[in-house]
Amino acid sequence: MGAVAGWVDFNKDLRARRDTAGLMSASLKHRGAGYCGTVIEPHCMLINRQNVASASGDGQQPMKKSAGGEEYILSLDGVLYNNAELRAELEKKGWKFFGRSDSEVVLNAYIEWGAAALNKLDGCFAFAVWQAREKTLFLARDRIGVRPLFFYEYPGGIIFGSEIKALFSNPLCKAEIDNDGLKQIFLLGPGKPHGSGIYRGVREICHAEYLKFNQNGSITRKYWRLTAKENLETLSQASEHTRHLITRAVESQLCFDSRTACFLSGGLDSSIISYIAAEKFKQENKRLETLSVDYENNDVHFLKNEFQPDSDGEYIAVMSDFIGSKHKNVVLKTADIANALQVAAAARDLAGMADIDASMYLACSEAKKEYAVCYSGECADEIFGGYPWYHNPELLHGRTFPWSRSLHMRQKLTAEGILQGNAEDFVQGHYQKTLSETDCLDSDTAQEKRLREMFCLNFNWFMQNLLDRTDRMCMQSGLQVSMPFCDYRLVEYAYNLPWKIKSVNGREKGIMREAFRGILPEKIIERKKSPFPKTFDPAFVEFVKNGARAVLSDTKSVLSGILNKNYILELLDLDVYAAQPWYGQLMRLPQLFGFIMQLDTVFKLYNVRLV
């Protein structure tokens with residue numbers, strides 16, 4: 001784990017701005033408290049932070065190397081899973097290595113192949129390379145978007161960093177939100193459009209994208225995208241292929257040098273990862289450790305619903321016993337979740353998923369006390385059809401974002417005249433853009449085309465939001481979390497699996513069930529999907545209700561002139577679990593009130609100005 005940041009300005013001598021470099025670096029300390037490095041050239045500064053484990057001498061950054069009369073400087077946040085293979089390929093081309101670090105492999109690969117090196121890198125990463133003679137900055141992210149990278153461009157300069165707070169640590173980047181940003185927050189939030197940073201002028205390098213910046217400005221390019229291909233495998237072949245790809249992805253990410261654990265919920269995704277990891281650990285004469293999350297008094301307060309049919313406890317016990325793991329159950333207290341709402345908002349630099357974010361932050365903080373790395377089943381639902389909107393015809397063909405169908409409610413959250421322009425046109429514009437970028441085969445039926453569109457909607461929107469959540473919450477706690485289902489080969493394969501095979505037996509993630517049937521306990525194979533758990537404690541509901549009321553009555557809050565107070569007061573009097581989710585499967589009225597509190601927190605933290 002780590003962080004990158006930097007600043008290029010062709011009109012300033014940045015050697016006189018070490019104070020700014022210090023502020024930008026300090027803002028990202030939570031992403032790498034063990035080591036920080038800074039290189040400042042006349043027109044470029046590069047900053048890097050790493051944890052203790054990755055800050056050994058041969059991998060210290062920013063890393064410099066001269067070749068062909070050019071000096072290259074690298075700052076990398078990330079992990080390569082094909083370090084050895086890529087190193088061997090480069091050695092055949094005459095490259096000599098002085099250590100074993102990923103940073104040296106990435107830098108040599110970039111010098112050898114330029115932007116084409118991205119097609120050879122297998123891992124999760126975000127990095128910057130400065131070419132001193134050419135005065136060119138290169139920024140890039142991994143194919144899936146596991147590691148974040150934001151930037152702010154202005155005439156003659158660019159500021160960038162792993163998180164938005166690094167940009168705001170530079171006095172040239174102001175925390176301002178215009179009408180477009182407000183519409184993103186209230187009509188689409190907590191999701192955000194591809195490449196958006198919400199704040200005015202702040203953008204994000206999209207997944208599978210690179211940016212080049214020089215004195216002529218910037219250009220961005222995609223280097224990988226989902227491509228439609230025909231798949232003629234039988235069910236048996238697809239089952240074996242799926243099992244092979246998942247197993248390979250898990251095994252390639254396992255770390256035996258540090259104390260590690262698997263998050264285990266008893267659901268299909270985490271159970272598969274835990275099983276594969278346990279088998280591999282046994283080969284190393286080690287016992288896998290697993291970790292789960294629960295809430296105090298959850299046995300009393302849990303409310304069954306269509307999205308969350310049961311709690312996790314009995315399934316966790318079945319799976320832990322089956323693989324022989326040393327299991328720990330983390331029980332989160334309601335008061336701690338409530339107090340962590342502000343921490344979670346500050347970690348995202350934006351309002352997020354309320355207590356769902358806060359719970360993940362607390363779980364990661366508890367895990368960090370014992371472990372350096374944990375493994376999560378995040379993103380299996382997006383690529384293998386785990387959500388209801390893949391299976392419910394009304395949701396599948398709804399012609400809008402299926403996890404955010406409450407536009408009529410969202411429009412009422414702000415006072416009249418605040419959101420300029422037509423709200424439906426705004427949402428539809430973003431929705432239709434994603435559909436237009438979906439690659440299909442000429443032979444695809446209308447249903448097959450729609451399912452590809454749904455895959456891309458999930459991949460580019462819902463999944464990116466969950467990746468943001470996981471990255472910010474785990475990094476805020478200092479824990480590294482690996483997500484094997486984000487392996488790009490697995491994503492490519494899942495995109496082209498025929499739906500009748502992907503949803504075999506009419507089940508969500510049907511092919512995953514078939515791939516591990518007879519391997520995992522049948523109780524796990526047949527369990528209905530259940531999302532990340534949340535608290536149902538009435539005390540939490542009262543906390544966020546009171547918090548929302550406090551925001552409404554705070555005349556010093558920027559939100560006081562934005563929110564439709566009468567409408568929100570009406571919502572505060574409703575049965576909080578009667579209304580359908582306004583985002584995803586879990587975010588009902590308590591999460592909306594928490595979202596308002598988080599928005600107020602961030603606006604005050606950065607002294608946000610409306611423009």
# chains A, B, ... in the order shown; residues from 1 in each chain; ligands from 1

$ select_by_dssp --residues "range 278-416 of chain A" --states "strand (DSSP E)" --output "CSV table (one decimal) with N, CA and C atoms, in the first residue's frame"
chain,number,residue,atom,x,y,z
A,289,GLU,N,-6.1,-17.8,8.6
A,289,GLU,CA,-6.9,-17.0,9.6
A,289,GLU,C,-8.0,-16.3,8.8
A,290,THR,N,-9.2,-16.3,9.4
A,290,THR,CA,-10.4,-15.7,8.8
A,290,THR,C,-11.0,-14.7,9.8
A,291,LEU,N,-11.7,-13.8,9.2
A,291,LEU,CA,-12.2,-12.6,10.0
A,291,LEU,C,-13.6,-12.3,9.5
A,292,SER,N,-14.5,-12.0,10.4
A,292,SER,CA,-15.9,-11.6,10.0
A,292,SER,C,-16.3,-10.4,10.8
A,293,VAL,N,-17.4,-9.8,10.3
A,293,VAL,CA,-18.0,-8.6,10.9
A,293,VAL,C,-19.4,-8.8,11.4
A,294,ASP,N,-19.7,-8.4,12.6
A,294,ASP,CA,-21.1,-8.5,13.1
A,294,ASP,C,-21.3,-7.2,13.9
A,295,TYR,N,-22.5,-7.1,14.4
A,295,TYR,CA,-22.9,-5.8,15.1
A,295,TYR,C,-23.5,-6.2,16.4
A,326,LYS,N,-8.5,-20.5,11.6
A,326,LYS,CA,-8.6,-19.8,12.9
A,326,LYS,C,-9.4,-18.6,12.7
A,327,HIS,N,-10.6,-18.6,13.3
A,327,HIS,CA,-11.5,-17.5,13.0
A,327,HIS,C,-11.7,-16.5,14.1
A,328,LYS,N,-11.9,-15.2,13.7
A,328,LYS,CA,-12.1,-14.2,14.7
A,328,LYS,C,-13.4,-13.4,14.2
A,329,ASN,N,-14.3,-13.2,15.1
A,329,ASN,CA,-15.5,-12.4,14.8
A,329,ASN,C,-15.4,-11.0,15.4
A,330,VAL,N,-15.4,-10.0,14.6
A,330,VAL,CA,-15.3,-8.6,15.1
A,330,VAL,C,-16.7,-8.1,15.3
A,331,VAL,N,-17.0,-7.7,16.5
A,331,VAL,CA,-18.4,-7.2,16.8
A,331,VAL,C,-18.3,-5.6,16.9
A,332,LEU,N,-19.0,-4.9,16.0
A,332,LEU,CA,-18.9,-3.5,16.0
A,332,LEU,C,-20.0,-2.9,16.9
A,373,VAL,N,-2.3,-7.7,5.6
A,373,VAL,CA,-3.0,-7.9,4.4
A,373,VAL,C,-4.2,-8.7,4.6
A,374,CYS,N,-5.4,-8.3,4.1
A,374,CYS,CA,-6.6,-9.1,4.1
A,374,CYS,C,-7.1,-9.3,2.7
A,375,TYR,N,-7.9,-10.3,2.5
A,375,TYR,CA,-8.4,-10.7,1.2
A,375,TYR,C,-10.0,-10.6,1.2

$ residues_around --residues "Arg100 in chain A" --least-positions-apart "2" --cutoff "10 Å" --atoms "only C-alpha atoms" --output "number ranges by chain"
A: 58-59, 83-84, 87, 97-98, 102-105

$ residues_around --residues "range 462-474 of chain A" --least-positions-apart "3" --cutoff "7 Å" --atoms "only C-alpha atoms" --output "list in words"
Val146, Gly191, Ala344, Ala347, Arg348, Asp357, Met360, Tyr361, Cys364, Cys379, Glu382, Asn458, Phe459, Ser477, Gly478, Leu479, Gln480 and Val481 of chain A

$ write_last_selection --atoms "N, CA, C and O atoms" --output "mmCIF file, in the first residue's frame"
data_model
loop_
_atom_site.group_PDB
_atom_site.id
_atom_site.type_symbol
_atom_site.label_atom_id
_atom_site.label_comp_id
_atom_site.auth_asym_id
_atom_site.auth_seq_id
_atom_site.Cartn_x
_atom_site.Cartn_y
_atom_site.Cartn_z
ATOM 1 N N VAL A 146 -8.465 -0.318 -9.283
ATOM 2 C CA VAL A 146 -8.342 -0.639 -7.859
ATOM 3 C C VAL A 146 -7.631 0.482 -7.106
ATOM 4 O O VAL A 146 -8.015 0.844 -5.996
ATOM 5 N N GLY A 191 -22.524 7.355 -5.936
ATOM 6 C CA GLY A 191 -21.772 7.052 -7.150
ATOM 7 C C GLY A 191 -21.388 8.343 -7.858
ATOM 8 O O GLY A 191 -21.929 9.412 -7.562
ATOM 9 N N ALA A 344 -15.124 8.326 7.998
ATOM 10 C CA ALA A 344 -15.327 7.717 6.678
ATOM 11 C C ALA A 344 -15.513 8.774 5.606
ATOM 12 O O ALA A 344 -15.010 8.636 4.481
ATOM 13 N N ALA A 347 -12.215 10.288 4.840
ATOM 14 C CA ALA A 347 -11.393 9.350 4.090
ATOM 15 C C ALA A 347 -11.725 9.391 2.609
ATOM 16 O O ALA A 347 -10.845 9.299 1.758
ATOM 17 N N ARG A 348 -12.999 9.544 2.288
ATOM 18 C CA ARG A 348 -13.428 9.597 0.881
ATOM 19 C C ARG A 348 -13.254 10.985 0.280
ATOM 20 O O ARG A 348 -13.259 11.132 -0.939
ATOM 21 N N ASP A 357 -19.849 2.438 4.856
ATOM 22 C CA ASP A 357 -18.447 2.865 4.825
ATOM 23 C C ASP A 357 -17.835 2.809 6.220
ATOM 24 O O ASP A 357 -16.735 2.284 6.415
ATOM 25 N N MET A 360 -17.009 -0.656 7.411
ATOM 26 C CA MET A 360 -15.827 -1.213 6.760
ATOM 27 C C MET A 360 -14.557 -0.595 7.342
ATOM 28 O O MET A 360 -13.563 -1.309 7.565
ATOM 29 N N TYR A 361 -14.587 0.694 7.591
ATOM 30 C CA TYR A 361 -13.424 1.340 8.205
ATOM 31 C C TYR A 361 -13.105 0.721 9.561
ATOM 32 O O TYR A 361 -11.944 0.404 9.868
ATOM 33 N N CYS A 364 -11.710 -2.820 9.167
ATOM 34 C CA CYS A 364 -10.315 -2.784 8.721
ATOM 35 C C CYS A 364 -9.389 -2.332 9.848
ATOM 36 O O CYS A 364 -8.263 -2.830 9.979
ATOM 37 N N CYS A 379 -16.511 -7.394 -5.710
ATOM 38 C CA CYS A 379 -16.633 -7.272 -7.177
ATOM 39 C C CYS A 379 -17.069 -8.540 -7.891
ATOM 40 O O CYS A 379 -17.266 -8.510 -9.115
ATOM 41 N N GLU A 382 -20.653 -7.912 -9.449
ATOM 42 C CA GLU A 382 -20.742 -7.078 -10.650
ATOM 43 C C GLU A 382 -20.432 -7.864 -11.909
ATOM 44 O O GLU A 382 -21.061 -7.655 -12.962
ATOM 45 N N ASN A 458 -22.663 -1.727 -14.385
ATOM 46 C CA ASN A 458 -22.143 -2.142 -13.090
ATOM 47 C C ASN A 458 -20.648 -1.919 -12.990
ATOM 48 O O ASN A 458 -20.138 -1.429 -11.982
ATOM 49 N N PHE A 459 -19.931 -2.286 -14.035
ATOM 50 C CA PHE A 459 -18.473 -2.200 -14.019
ATOM 51 C C PHE A 459 -18.001 -0.754 -13.926
ATOM 52 O O PHE A 459 -17.066 -0.432 -13.177
ATOM 53 N N SER A 477 -7.326 3.046 7.535
ATOM 54 C CA SER A 477 -6.979 2.237 8.708
ATOM 55 C C SER A 477 -5.562 1.684 8.629
ATOM 56 O O SER A 477 -5.074 1.082 9.588
ATOM 57 N N GLY A 478 -4.906 1.848 7.481
ATOM 58 C CA GLY A 478 -3.547 1.337 7.325
ATOM 59 C C GLY A 478 -3.472 -0.114 6.920
ATOM 60 O O GLY A 478 -2.401 -0.730 6.975
ATOM 61 N N LEU A 479 -4.596 -0.708 6.507
ATOM 62 C CA LEU A 479 -4.644 -2.115 6.114
ATOM 63 C C LEU A 479 -4.622 -2.245 4.600
ATOM 64 O O LEU A 479 -5.299 -1.497 3.900
ATOM 65 N N GLN A 480 -3.867 -3.213 4.092
ATOM 66 C CA GLN A 480 -3.890 -3.504 2.663
ATOM 67 C C GLN A 480 -4.923 -4.586 2.401
ATOM 68 O O GLN A 480 -4.900 -5.643 3.039
ATOM 69 N N VAL A 481 -5.847 -4.329 1.482
ATOM 70 C CA VAL A 481 -6.887 -5.294 1.130
ATOM 71 C C VAL A 481 -6.739 -5.676 -0.336
ATOM 72 O O VAL A 481 -6.709 -4.808 -1.209
#

$ residues_around --residues "Gly510 in chain A" --least-positions-apart "6" --cutoff "9 Å" --atoms "only C-alpha atoms" --output "JSON, numbers by chain"
{"A": [384, 385, 386, 501, 502, 503, 504]}

$ write_last_selection --atoms "N, CA and C atoms" --output "short mmCIF file (atom, residue, chain, number, x, y, z; two decimals), in the first residue's frame"
data_model
loop_
_atom_site.label_atom_id
_atom_site.label_comp_id
_atom_site.auth_asym_id
_atom_site.auth_seq_id
_atom_site.Cartn_x
_atom_site.Cartn_y
_atom_site.Cartn_z
N PHE A 384 -20.25 -11.39 -12.24
CA PHE A 384 -20.90 -12.69 -12.41
C PHE A 384 -22.42 -12.64 -12.19
N GLY A 385 -22.99 -11.44 -12.24
CA GLY A 385 -24.45 -11.33 -12.20
C GLY A 385 -25.04 -11.66 -10.84
N GLY A 386 -24.52 -11.04 -9.79
CA GLY A 386 -25.01 -11.36 -8.46
C GLY A 386 -26.13 -10.48 -7.96
N ILE A 501 -25.26 -19.67 -19.26
CA ILE A 501 -24.23 -20.38 -18.49
C ILE A 501 -23.90 -19.59 -17.22
N LYS A 502 -23.77 -18.29 -17.33
CA LYS A 502 -23.44 -17.48 -16.16
C LYS A 502 -24.51 -17.63 -15.08
N SER A 503 -25.78 -17.71 -15.50
CA SER A 503 -26.89 -17.80 -14.55
C SER A 503 -27.50 -19.20 -14.54
N VAL A 504 -26.67 -20.21 -14.73
CA VAL A 504 -27.17 -21.58 -14.81
C VAL A 504 -28.05 -21.91 -13.59
#

$ residues_around --residues "Ile276 in chain A" --least-positions-apart "4" --cutoff "9 Å" --atoms "only C-alpha atoms" --output "PDB file with C-alpha atoms, in the first residue's frame"
ATOM      1  CA  ILE A 246     -10.575 -17.678  -9.887  1.00  0.00           C
ATOM      2  CA  THR A 247      -8.029 -20.044  -8.354  1.00  0.00           C
ATOM      3  CA  VAL A 250      -6.426 -15.838  -5.631  1.00  0.00           C
ATOM      4  CA  GLU A 251      -3.142 -17.729  -5.593  1.00  0.00           C
ATOM      5  CA  SER A 271     -15.956 -18.652   0.953  1.00  0.00           C
ATOM      6  CA  ILE A 272     -14.327 -19.449  -2.392  1.00  0.00           C
ATOM      7  CA  LYS A 280      -2.494 -23.013  -0.397  1.00  0.00           C
ATOM      8  CA  PHE A 281      -1.626 -22.235   3.213  1.00  0.00           C
TER       9      PHE A 281
END

$ closest_residue --among "A:Glu514, A:Glu508, A:Glu424, A:Asp487" --to "Cys124 in chain A" --atoms "only C-alpha atoms"
A:Asp487

$ atom_distance --atom1 "CA of Ile596 in chain A" --atom2 "CA of Ile159 in chain A"
29.1 Å

$ select_by_dssp --residues "range 338-449 of chain A" --states "helix (DSSP H, G or I)" --output "PyMOL selection string"
chain A and resi 338-348+355-368+380-384+388-391+393-396+407-412+423-436+446-449

$ closest_residue --among "A:Phe593, A:Trp461, A:Phe455, A:Tyr371" --to "Pro193 in chain A" --atoms "only C-alpha atoms"
A:Trp461

$ closest_residue --among "A:Gly78, A:Gly398, A:Gly421, A:Gly69" --to "Gly32 in chain A" --atoms "only C-alpha atoms"
A:Gly78

$ closest_residue --among "A:Trp582, A:Trp224, A:Trp95, A:Tyr315" --to "Glu492 in chain A" --atoms "only C-alpha atoms"
A:Trp224

$ residues_around --residues "range 517-531 of chain A" --least-positions-apart "4" --cutoff "9 Å" --atoms "only C-alpha atoms" --output "number ranges by chain"
A: 266-268, 271-272, 275, 307-312, 315, 318-319, 322, 381, 386-387, 507-509, 512-513, 585-586

$ atom_distance --atom1 "CA of Ala367 in chain A" --atom2 "CA of Arg259 in chain A"
10.6 Å
